[in-house]
Amino acid sequence: MTVLISGAGIAGLTLGLSLHQLGVPFRIIEAIAELRPLGFGINLQPHAVRELYDLGLEEKLDTVGLKTERICYFNAKGQEVWSEPRGIDAGYDYPQYSIHRGGLQMMLHETLLERCGARAILAGAKVNEWFETPQGLEVVLTDRQYGFEIDRLRGSVLVACDGVRSATRAKLFPEAGAPNWRKTMMWRGVAHGPKFLGGRTMTISGTKGAKFVAYPIANKGRTQSYIHWIADIDVAPERDWDAQDWSRRGRIDDVMPTFADWKFDWLDIPALIAGTEAVWEYPMIDRDPLPGWVDGRIALLGDAAHPMYPIGSNGASQGILDARVMARELSALGEGAEALQSYDRIRRGPVNDIILANREQGPDAVLDEVAERAPGGFEDIDAVMSLDERRACSDRYKEATGLTVEAINAQPSIIGPVMV
Ligand SMILES: Cc1cc2nc3c(=O)[nH]c(=O)nc-3n(C[C@H](O)[C@H](O)[C@H](O)COP(=O)(O)OP(=O)(O)OC[C@H]3O[C@@H](n4cnc5c(N)ncnc54)[C@H](O)[C@@H]3O)c2cc1C
């Protein structure tokens, strides 16, 4: 029988490639008729990178992403609050990547087509409904736009990787309700500009309510970077936020007033915003942790299972880890409810903890604390908050989310390398 996967995002494609590695038959059903490189920058943490390297994707990752060397936190005046190395430079066995989400998705998609052929993905069909059969289940495929039935597919299990607006999650957990909105909107864009802070540094400036994240996702020649930026701004509660649509256009004028005087000696933020061709907006939302991700022969995976605030660079990484564990359990325990339950037991607790840690601002909490103690800036950061206190903010998040160097380096890889 075949494992049916709804959604060819980062998690669904990784699951397909992992099942192929283990010789488990699968089929991906994707709502969009033709995948395009949508989205902006995301970060991949070292444990997720190891899994992609195990899939034989090291060289390809290097062509679409940049290895991140540092993360630096600044107050709204551009003064450094905290800085630490990332990836290999921090002592992890694997790097961290800053990467364009659409570039990563297209790379996974192309690899899947090369390895498994075009039949592995059925595009332009939505999964909203299914029926149990004596052998497994039958999934109803519908047209994305008009909702009429296109076809039915039989499979052993359905793994829903259909993202933050998962139709399967809504059906399995109708009482789980709407997403939680933090009354923060995120405006995003990519622009090119001079390399800053060595060309491989992720920066987070400001405080909750007015925060600017900027990091390079690719080089443009020797001196310039393609810089992905996110402006998080708290907005009035009555603002329209409900459209969780990654292709909703925003306006430069929505962002510029908040950051107009954030011209730092290491980055000219207003110039970066002004040089951005197109800006998109998206609400900062998460969903409450679920008491289970599995119902019989159906499981949720990736954002469908655990959408979280995009703080601490965990969203895509956790989807990749979910996919690897799911593939391993399906291969080891057979394509049925037992494997899905085992996946749920392994993954749900730790990932639900990350959702909660991100609600406490994750590692960005250091910025809020410093802003409260020194709202007008500082001469000497150590006099405002000691080095140990600042380090503790970062360490607390790593411990809560299993991201310490020791924990990650000690974990064995989930499946092991692909044989090519
Ligand atoms: C267009 C887009 C742009 C994004 N841009 C960013 C970004 O800039 N920064 C960021 O941090 N995160 C972004 N994300 C979210 C990010 O990809 C995820 O947080 C993370 O990678 C986990 O991925 P996922 O595979 O679980 O979900 P997603 O990457 O969201 O993928 C879900 C997939 O399921 C498909 N789908 C949805 N419903 C159905 C259905 N009923 N049947 C079949 N298929 C369905 C969708 O078309 C999509 O391809 C974006 C997601 C999307 C879809």
# chains A, B, ... in the order shown; residues from 1 in each chain; ligands from 1
$ residues_near_ligand --ligand "ligand 1" --cutoff "8 Å" --atoms "only C-alpha atoms and all ligand atoms" --output "compact mmCIF listing (two decimals) with C-alpha atoms, in the first residue's frame"
# COMPACT_ATOMS: atom_id res chain seq x y z
CA SER A 6 -1.10 15.97 1.58
CA GLY A 7 1.08 19.02 0.94
CA ALA A 8 4.36 19.44 -0.93
CA GLY A 9 5.84 22.06 1.40
CA ILE A 10 9.14 21.64 3.21
CA ALA A 11 7.79 18.89 5.50
CA GLY A 12 5.82 16.91 2.88
CA LEU A 13 8.71 16.87 0.39
CA ILE A 29 -0.97 15.40 -3.22
CA GLU A 30 -0.39 19.16 -3.51
CA ALA A 31 -3.14 21.77 -3.77
CA ILE A 32 -1.13 24.20 -5.95
CA LEU A 35 4.91 24.99 -7.41
CA PRO A 37 9.44 29.59 -5.19
CA LEU A 38 7.18 31.43 -2.75
CA GLY A 39 8.13 32.87 0.61
CA PHE A 40 11.16 34.58 2.07
CA GLY A 41 14.04 33.70 4.34
CA ILE A 42 13.98 30.90 6.88
CA ASN A 43 16.67 29.32 9.01
CA HIS A 100 15.07 31.30 0.84
CA ARG A 101 12.05 29.17 1.72
CA GLY A 102 10.95 28.96 -1.92
CA GLN A 105 11.16 23.98 -1.53
CA ALA A 125 -5.69 18.66 -5.97
CA LYS A 126 -6.73 19.24 -2.38
CA VAL A 127 -7.27 16.65 0.31
CA ASN A 128 -10.24 17.54 2.51
CA ALA A 160 -1.26 15.72 6.50
CA CYS A 161 1.59 18.14 5.80
CA ASP A 162 -0.80 20.82 4.62
CA GLY A 163 0.55 23.73 6.61
CA VAL A 164 -0.78 26.28 9.05
CA ARG A 165 -4.29 26.26 7.57
CA SER A 166 -4.45 22.45 7.54
CA ALA A 167 -7.85 21.17 6.39
CA THR A 168 -7.12 17.82 8.02
CA ARG A 188 8.71 40.87 4.91
CA ASP A 245 -2.04 34.21 3.06
CA TRP A 246 1.66 34.19 2.26
CA SER A 247 1.04 36.16 -0.93
CA LEU A 301 3.02 16.74 10.55
CA GLY A 302 4.96 20.03 10.25
CA ASP A 303 2.97 23.26 10.57
CA ALA A 304 -0.28 21.29 10.33
CA ALA A 305 0.60 19.78 13.72
CA PRO A 307 2.37 26.15 13.93
CA MET A 308 4.52 28.33 16.19
CA PRO A 310 8.57 32.43 14.11
CA SER A 313 14.34 29.64 13.94
CA GLY A 315 9.44 26.18 12.26
CA ALA A 316 10.89 24.51 9.18
CA SER A 317 13.53 22.61 11.19
CA GLN A 318 10.89 20.87 13.31
CA GLY A 319 8.93 19.89 10.18
CA ILE A 320 12.06 18.27 8.76
$ select_by_dssp --residues "region 72-219 of chain A" --states "helix (DSSP H, G or I)" --output "PyMOL selection string"
chain A and resi 87-90+101-116+118-120+167-172+174-176+197-199
$ closest_residue --among "A:Thr2, A:Thr401, A:Thr276, A:Ser205" --to "Gly250 (chain A)" --atoms "only C-alpha atoms"
A:Thr276
$ closest_residue --among "A:Thr207, A:Ile298, A:Gly87, A:Asn314" --to "Glu369 (chain A)" --atoms "only C-alpha atoms"
A:Thr207
$ closest_residue --among "A:Gly155, A:Gly147, A:Gly103, A:Gly349" --to "Glu335 (chain A)" --atoms "only C-alpha atoms"
A:Gly155
$ residues_around --residues "region 377-382 of chain A" --least-positions-apart "2" --cutoff "10 Å" --atoms "only C-alpha atoms" --output "ChimeraX atom specification"
/A:75-82,370-371,373-375,384-390
$ closest_atom_pairs --of "region 308-380 of chain A" --to "region 413-416 of chain A" --cutoff "9 Å" --atoms "only C-alpha atoms" --output "CSV"
residue,atom,partner,partner_atom,distance
A:Leu321,CA,A:Ile414,CA,8.1
A:Arg324,CA,A:Ile414,CA,6.4
A:Val325,CA,A:Ile414,CA,6.4
A:Ala327,CA,A:Ile415,CA,8.5
A:Arg328,CA,A:Ile415,CA,6.3
$ closest_residue --among "A:Leu113, A:Ala274, A:Ile71, A:Ala176" --to "Val190 (chain A)" --atoms "only C-alpha atoms"
A:Ala274
$ select_by_dssp --residues "region 184-367 of chain A" --states "strand (DSSP E or B)" --output "ChimeraX atom specification"
/A:184-194,201-207,210-220,224-234,249,263,268,280-286,294-295,298-300
$ residues_around --residues "Lys195 (chain A)" --least-positions-apart "6" --cutoff "10 Å" --atoms "only C-alpha atoms" --output "ChimeraX atom specification"
/A:201,215-216,219-227,266-267
$ residues_around --residues "Leu158 (chain A)" --least-positions-apart "4" --cutoff "9 Å" --atoms "only C-alpha atoms" --output "list in words"
Val3, Leu4, Ile5, Ser6, Trp130, Leu137, Val139, Arg297, Ile298, Ala299 and Leu300 of chain A
$ closest_residue --among "A:Asn180, A:Thr258, A:Ser156, A:Thr404" --to "Arg27 (chain A)" --atoms "only C-alpha atoms"
A:Ser156
